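**Student:** First, the structure itself, so that you have it in front of you.
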Amino acid sequence: MIVVGAGSGIGRGVARAASEAGARVVLAGRRREALEATAESMTGPREVRVLDASVEAEVAAFCEAVGPFDHLVSTVSQGAAGPLTGLGAASIERAFAAKLWAPIFLVKHASPRISPEGSFTFFSGFRAWKPAVGTSITSLVNGGLEAFTKAMAVELAPVRLNAISPGVVDSGSFWDRLGAEAREKLFTDYANKAPARRVGKTEDLAAATLFAMTNPFLTGTVLSVDGGGVLM
């Protein structure tokens with residue numbers, strides 16, 4: 001199987017869980033050092049390949065080099081925070097590249113090589129259904145990814161495509177950009193409101209990903225793994 005975004009956070013957790021379940025894992029992402037760190041934490045067969053999934057030529061070469069496979073998971077993510085009137089084109093383009101162009105290129109070039117019993121699993125996010133002030137582009141790309149996933153589940157059948165929509169997840173360094181105080185406040189507020197009464201862990205999302213990969217009757221689905229956040 002292939003994990004794009006395996007160098008950190010949820011992607012690293014998915015790669016480890018898949019390896020523990022017996023998969024041979026191709027670890028892909030933009031930073032070799034981070035991918036090597038993930039590889040060192042695994043015991044099963046794995047290989048590291050540097051890839052910027054938002055660049056079509058790189059994706060095409062990557063897929064040709066990897067060859068036939070069963071499952072592909074991509075956790076590639078990039079938001080664009082702030083009021084639309086204050087967002088520059090570059091930040092919007094980065095969000096589009098990560099959440100729209102990368103999945104499009106991956107499906108385009110990997111689908112000819114995937115097993116008919118295989119699957120693609122992408123990660124959207126709760127802003128697709130719960131927008132807030134300053135999240136217009138993040139909401140747009142997450143919603144677009146979910147729509148693309150459903151459309152391709154029809155187009156590529158019987159190959160399965162699903163999306164996982166996480167809530168707030170303590171996935172390592174992602175939230176550190178807020179600063180320690182703001183990060184803890186975010187976690188505490190979410191835990192107090194969510195029915196599960198806690199934030200997510202990478203293990204929660206890894207388990208959901210393995211379920212999406214291995215359940216042969218699950219396709220075209222957006223799987224909310226958010227502690228009941230959709231009910232908040």
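We name chains A, B, ... following the order of the structure tokens; residues begin at 1 in each chain, and ligands are numbered from 1 as shown.
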Env of Ala21 of chain A: 12 Å cut, atoms = only C-alpha atoms, seq-sep filter 4 positions within chain, self excluded. Answer as a list in words.

**Tutor:** Met1, Val14, Ala15, Arg16, Ala17, Val25, Met42, Thr43, Gly44, Pro45, Ala206, Ala207, Leu210, Phe211, Met213 and Thr214 of chain A

**Student:** Could you pull out the helix (DSSP H, G or I) residues of segment 51-225 of chain A, going by DSSP on the backbone, and write them as a PyMOL selection string?

**Tutor:** chain A and resi 56-66+84-86+89-113+126-128+136-155+173-178+180-193+202-214

**Student:** Print the selection's residues with C-alpha atoms to a file, as an mmCIF file, in the first residue's frame.

**Tutor:**
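Generated output (selection_11.cif):
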```cif
data_model
loop_
_atom_site.group_PDB
_atom_site.id
_atom_site.type_symbol
_atom_site.label_atom_id
_atom_site.label_comp_id
_atom_site.auth_asym_id
_atom_site.auth_seq_id
_atom_site.Cartn_x
_atom_site.Cartn_y
_atom_site.Cartn_z
ATOM 1 C CA GLU A 56 1.557 16.038 -11.806
ATOM 2 C CA ALA A 57 4.886 15.060 -13.373
ATOM 3 C CA GLU A 58 6.165 13.835 -10.000
ATOM 4 C CA VAL A 59 3.000 11.822 -9.398
ATOM 5 C CA ALA A 60 3.200 10.215 -12.836
ATOM 6 C CA ALA A 61 6.840 9.206 -12.311
ATOM 7 C CA PHE A 62 6.121 7.985 -8.788
ATOM 8 C CA CYS A 63 3.243 5.766 -9.893
ATOM 9 C CA GLU A 64 5.280 4.301 -12.724
ATOM 10 C CA ALA A 65 8.133 3.494 -10.324
ATOM 11 C CA VAL A 66 5.915 1.954 -7.646
ATOM 12 C CA LEU A 84 -11.413 35.959 1.820
ATOM 13 C CA THR A 85 -10.746 39.649 1.129
ATOM 14 C CA GLY A 86 -7.388 39.346 2.866
ATOM 15 C CA ALA A 89 -3.603 34.020 -4.452
ATOM 16 C CA ALA A 90 -0.565 32.040 -3.287
ATOM 17 C CA SER A 91 -2.191 30.823 -0.057
ATOM 18 C CA ILE A 92 -5.375 29.895 -1.907
ATOM 19 C CA GLU A 93 -3.373 28.035 -4.541
ATOM 20 C CA ARG A 94 -1.530 26.038 -1.842
ATOM 21 C CA ALA A 95 -4.837 24.893 -0.376
ATOM 22 C CA PHE A 96 -6.113 23.901 -3.819
ATOM 23 C CA ALA A 97 -2.870 22.079 -4.600
ATOM 24 C CA ALA A 98 -2.964 19.963 -1.449
ATOM 25 C CA LYS A 99 -6.649 19.124 -1.176
ATOM 26 C CA LEU A 100 -7.751 19.103 -4.832
ATOM 27 C CA TRP A 101 -4.882 18.819 -7.310
ATOM 28 C CA ALA A 102 -2.990 16.193 -5.296
ATOM 29 C CA PRO A 103 -5.979 13.802 -5.060
ATOM 30 C CA ILE A 104 -6.810 14.395 -8.724
ATOM 31 C CA PHE A 105 -3.263 13.595 -9.850
ATOM 32 C CA LEU A 106 -3.006 10.582 -7.547
ATOM 33 C CA VAL A 107 -6.232 9.055 -8.821
ATOM 34 C CA LYS A 108 -5.442 9.905 -12.440
ATOM 35 C CA HIS A 109 -2.038 8.234 -12.456
ATOM 36 C CA ALA A 110 -2.464 5.526 -9.816
ATOM 37 C CA SER A 111 -5.868 4.147 -10.831
ATOM 38 C CA PRO A 112 -4.501 2.254 -13.877
ATOM 39 C CA ARG A 113 -2.210 0.348 -11.489
ATOM 40 C CA PHE A 126 -14.968 19.082 9.420
ATOM 41 C CA ARG A 127 -14.901 22.558 7.849
ATOM 42 C CA ALA A 128 -16.588 20.972 4.825
ATOM 43 C CA SER A 136 -14.070 29.807 3.287
ATOM 44 C CA ILE A 137 -11.223 28.285 1.275
ATOM 45 C CA THR A 138 -10.670 25.439 3.734
ATOM 46 C CA SER A 139 -14.387 24.680 3.582
ATOM 47 C CA LEU A 140 -14.308 24.833 -0.213
ATOM 48 C CA VAL A 141 -11.399 22.448 -0.731
ATOM 49 C CA ASN A 142 -12.631 19.942 1.846
ATOM 50 C CA GLY A 143 -16.110 19.941 0.346
ATOM 51 C CA GLY A 144 -14.647 19.638 -3.140
ATOM 52 C CA LEU A 145 -12.519 16.672 -2.114
ATOM 53 C CA GLU A 146 -15.550 14.901 -0.678
ATOM 54 C CA ALA A 147 -17.531 15.488 -3.886
ATOM 55 C CA PHE A 148 -14.601 14.260 -6.003
ATOM 56 C CA THR A 149 -14.300 11.126 -3.869
ATOM 57 C CA LYS A 150 -17.958 10.245 -4.402
ATOM 58 C CA ALA A 151 -17.798 10.932 -8.128
ATOM 59 C CA MET A 152 -14.725 8.760 -8.600
ATOM 60 C CA ALA A 153 -16.259 5.941 -6.547
ATOM 61 C CA VAL A 154 -18.870 5.771 -9.320
ATOM 62 C CA GLU A 155 -16.405 6.245 -12.172
ATOM 63 C CA SER A 173 3.080 19.385 15.601
ATOM 64 C CA PHE A 174 0.134 20.490 13.433
ATOM 65 C CA TRP A 175 -1.474 22.606 16.146
ATOM 66 C CA ASP A 176 1.797 23.940 17.544
ATOM 67 C CA ARG A 177 1.506 26.907 15.168
ATOM 68 C CA LEU A 178 -1.200 28.272 17.499
ATOM 69 C CA ALA A 180 0.843 26.262 23.587
ATOM 70 C CA GLU A 181 -1.844 28.301 25.346
ATOM 71 C CA ALA A 182 -4.163 28.606 22.325
ATOM 72 C CA ARG A 183 -3.613 24.946 21.469
ATOM 73 C CA GLU A 184 -4.652 23.754 24.910
ATOM 74 C CA LYS A 185 -7.674 26.046 24.903
ATOM 75 C CA LEU A 186 -8.773 24.651 21.544
ATOM 76 C CA PHE A 187 -8.405 21.075 22.795
ATOM 77 C CA THR A 188 -10.213 21.791 26.046
ATOM 78 C CA ASP A 189 -13.107 23.597 24.359
ATOM 79 C CA TYR A 190 -13.547 20.821 21.805
ATOM 80 C CA ALA A 191 -13.404 18.108 24.465
ATOM 81 C CA ASN A 192 -16.001 19.908 26.562
ATOM 82 C CA LYS A 193 -18.428 20.194 23.629
ATOM 83 C CA THR A 202 -3.764 9.582 15.573
ATOM 84 C CA GLU A 203 -4.609 6.008 16.571
ATOM 85 C CA ASP A 204 -8.323 6.788 16.179
ATOM 86 C CA LEU A 205 -7.827 7.968 12.621
ATOM 87 C CA ALA A 206 -5.449 5.121 11.758
ATOM 88 C CA ALA A 207 -8.022 2.561 12.892
ATOM 89 C CA ALA A 208 -10.713 4.264 10.816
ATOM 90 C CA THR A 209 -8.429 4.277 7.786
ATOM 91 C CA LEU A 210 -7.744 0.558 8.037
ATOM 92 C CA PHE A 211 -11.503 -0.022 8.312
ATOM 93 C CA ALA A 212 -12.137 2.052 5.194
ATOM 94 C CA MET A 213 -9.403 0.206 3.326
ATOM 95 C CA THR A 214 -10.473 -3.288 4.230
#
```

**Student:** As a VMD selection string, please: all residues of segment 54-182 of chain A that backbone DSSP puts in strand (DSSP E or B).

**Tutor:** chain A and resid 69 to 74 114 to 123 160 to 166 169 to 170

**Student:** Would you save the residues from that selection as a PDB file, in the first residue's frame, using N, CA and C atoms?

**Tutor:**
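Saved as result_30.pdb:
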```
ATOM      1  N   PHE A  69      -0.394  -1.874  -7.002  1.00  0.00           N
ATOM      2  CA  PHE A  69      -0.589  -1.766  -5.557  1.00  0.00           C
ATOM      3  C   PHE A  69      -2.057  -2.026  -5.239  1.00  0.00           C
ATOM      4  N   ASP A  70      -2.349  -2.145  -3.933  1.00  0.00           N
ATOM      5  CA  ASP A  70      -3.716  -2.442  -3.492  1.00  0.00           C
ATOM      6  C   ASP A  70      -4.459  -1.234  -2.928  1.00  0.00           C
ATOM      7  N   HIS A  71      -3.775  -0.432  -2.128  1.00  0.00           N
ATOM      8  CA  HIS A  71      -4.454   0.669  -1.435  1.00  0.00           C
ATOM      9  C   HIS A  71      -3.563   1.905  -1.429  1.00  0.00           C
ATOM     10  N   LEU A  72      -4.214   3.068  -1.527  1.00  0.00           N
ATOM     11  CA  LEU A  72      -3.505   4.343  -1.405  1.00  0.00           C
ATOM     12  C   LEU A  72      -4.260   5.232  -0.425  1.00  0.00           C
ATOM     13  N   VAL A  73      -3.526   5.782   0.516  1.00  0.00           N
ATOM     14  CA  VAL A  73      -4.075   6.725   1.492  1.00  0.00           C
ATOM     15  C   VAL A  73      -3.310   8.034   1.365  1.00  0.00           C
ATOM     16  N   SER A  74      -4.025   9.142   1.300  1.00  0.00           N
ATOM     17  CA  SER A  74      -3.369  10.447   1.275  1.00  0.00           C
ATOM     18  C   SER A  74      -3.920  11.328   2.389  1.00  0.00           C
ATOM     19  N   ILE A 114      -3.985   0.139  -9.813  1.00  0.00           N
ATOM     20  CA  ILE A 114      -4.556  -0.367  -8.572  1.00  0.00           C
ATOM     21  C   ILE A 114      -5.301  -1.678  -8.807  1.00  0.00           C
ATOM     22  N   SER A 115      -5.292  -2.538  -7.813  1.00  0.00           N
ATOM     23  CA  SER A 115      -6.050  -3.784  -7.879  1.00  0.00           C
ATOM     24  C   SER A 115      -7.547  -3.474  -7.951  1.00  0.00           C
ATOM     25  N   PRO A 116      -8.334  -4.284  -8.684  1.00  0.00           N
ATOM     26  CA  PRO A 116      -9.787  -4.066  -8.717  1.00  0.00           C
ATOM     27  C   PRO A 116     -10.434  -4.157  -7.336  1.00  0.00           C
ATOM     28  N   GLU A 117      -9.781  -4.841  -6.399  1.00  0.00           N
ATOM     29  CA  GLU A 117     -10.294  -4.924  -5.033  1.00  0.00           C
ATOM     30  C   GLU A 117      -9.694  -3.845  -4.138  1.00  0.00           C
ATOM     31  N   GLY A 118      -8.965  -2.908  -4.729  1.00  0.00           N
ATOM     32  CA  GLY A 118      -8.247  -1.914  -3.950  1.00  0.00           C
ATOM     33  C   GLY A 118      -9.076  -0.695  -3.595  1.00  0.00           C
ATOM     34  N   SER A 119      -8.408   0.279  -2.971  1.00  0.00           N
ATOM     35  CA  SER A 119      -9.126   1.474  -2.513  1.00  0.00           C
ATOM     36  C   SER A 119      -8.212   2.682  -2.462  1.00  0.00           C
ATOM     37  N   PHE A 120      -8.835   3.855  -2.590  1.00  0.00           N
ATOM     38  CA  PHE A 120      -8.222   5.141  -2.295  1.00  0.00           C
ATOM     39  C   PHE A 120      -8.932   5.710  -1.068  1.00  0.00           C
ATOM     40  N   THR A 121      -8.172   6.251  -0.129  1.00  0.00           N
ATOM     41  CA  THR A 121      -8.758   6.909   1.038  1.00  0.00           C
ATOM     42  C   THR A 121      -8.117   8.281   1.188  1.00  0.00           C
ATOM     43  N   PHE A 122      -8.950   9.316   1.183  1.00  0.00           N
ATOM     44  CA  PHE A 122      -8.467  10.683   1.320  1.00  0.00           C
ATOM     45  C   PHE A 122      -8.975  11.292   2.627  1.00  0.00           C
ATOM     46  N   PHE A 123      -8.337  12.368   3.030  1.00  0.00           N
ATOM     47  CA  PHE A 123      -8.728  13.061   4.263  1.00  0.00           C
ATOM     48  C   PHE A 123      -9.267  14.443   3.926  1.00  0.00           C
ATOM     49  N   ARG A 160     -12.701   1.118  -4.785  1.00  0.00           N
ATOM     50  CA  ARG A 160     -13.448   1.886  -3.793  1.00  0.00           C
ATOM     51  C   ARG A 160     -12.708   3.178  -3.445  1.00  0.00           C
ATOM     52  N   LEU A 161     -13.479   4.249  -3.274  1.00  0.00           N
ATOM     53  CA  LEU A 161     -12.923   5.519  -2.820  1.00  0.00           C
ATOM     54  C   LEU A 161     -13.749   6.032  -1.651  1.00  0.00           C
ATOM     55  N   ASN A 162     -13.066   6.433  -0.590  1.00  0.00           N
ATOM     56  CA  ASN A 162     -13.725   6.986   0.583  1.00  0.00           C
ATOM     57  C   ASN A 162     -12.928   8.175   1.110  1.00  0.00           C
ATOM     58  N   ALA A 163     -13.601   9.009   1.863  1.00  0.00           N
ATOM     59  CA  ALA A 163     -12.938  10.129   2.530  1.00  0.00           C
ATOM     60  C   ALA A 163     -13.188  10.029   4.027  1.00  0.00           C
ATOM     61  N   ILE A 164     -12.191  10.404   4.789  1.00  0.00           N
ATOM     62  CA  ILE A 164     -12.323  10.464   6.239  1.00  0.00           C
ATOM     63  C   ILE A 164     -12.301  11.928   6.654  1.00  0.00           C
ATOM     64  N   SER A 165     -13.277  12.299   7.477  1.00  0.00           N
ATOM     65  CA  SER A 165     -13.399  13.677   7.937  1.00  0.00           C
ATOM     66  C   SER A 165     -13.110  13.728   9.434  1.00  0.00           C
ATOM     67  N   PRO A 166     -11.893  14.093   9.814  1.00  0.00           N
ATOM     68  CA  PRO A 166     -11.568  14.142  11.240  1.00  0.00           C
ATOM     69  C   PRO A 166     -12.042  15.438  11.887  1.00  0.00           C
ATOM     70  N   VAL A 169      -7.869  16.761  16.152  1.00  0.00           N
ATOM     71  CA  VAL A 169      -7.030  15.603  16.468  1.00  0.00           C
ATOM     72  C   VAL A 169      -5.674  16.081  16.965  1.00  0.00           C
ATOM     73  N   ASP A 170      -5.238  15.537  18.085  1.00  0.00           N
ATOM     74  CA  ASP A 170      -3.908  15.831  18.614  1.00  0.00           C
ATOM     75  C   ASP A 170      -2.912  14.983  17.830  1.00  0.00           C
TER      76      ASP A 170
END
```

**Student:** Extract, using only C-alpha atoms, all DNA, RNA and protein residues at most 12 Å from Ala6 of chain A, discarding same-chain residues fewer than 4 positions from it, and format them as an MDAnalysis selection string.

**Tutor:** chainID A and resid 1:2 10:18 25:39 41:42 46:51 72:77 206

**Student:** Which of these, A:Gly179, A:Gly67, A:Val168, A:Ser224, has the shortest distance to Val199 of chain A once you count only C-alpha atoms?

**Tutor:** A:Val168

**Student:** If you count only C-alpha atoms, which residues fall within 8 Å of Ala194 of chain A, apart from same-chain ones fewer than 2 positions away, as a PyMOL selection string?

**Tutor:** chain A and resi 190-192+196-198+227-229+231-232

**Student:** Please compute the atom CA of Val4 of chain A-atom CA of Ala53 of chain A distance, one decimal, in Å.

**Tutor:** 7.8 Å

**Student:** Work out how far apart atom CA of Asp226 of chain A and atom CA of Ser124 of chain A are and give it in Å to one decimal.

**Tutor:**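 Interatomic distance here is 11.8 Å.
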
**Student:** Quick check, in Å to one decimal: how far apart do atom CA of Gly88 of chain A and atom CA of Ser54 of chain A lie?

**Tutor:**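 Atom CA of Ser54 of chain A lies 18.8 Å from atom CA of Gly88 of chain A.
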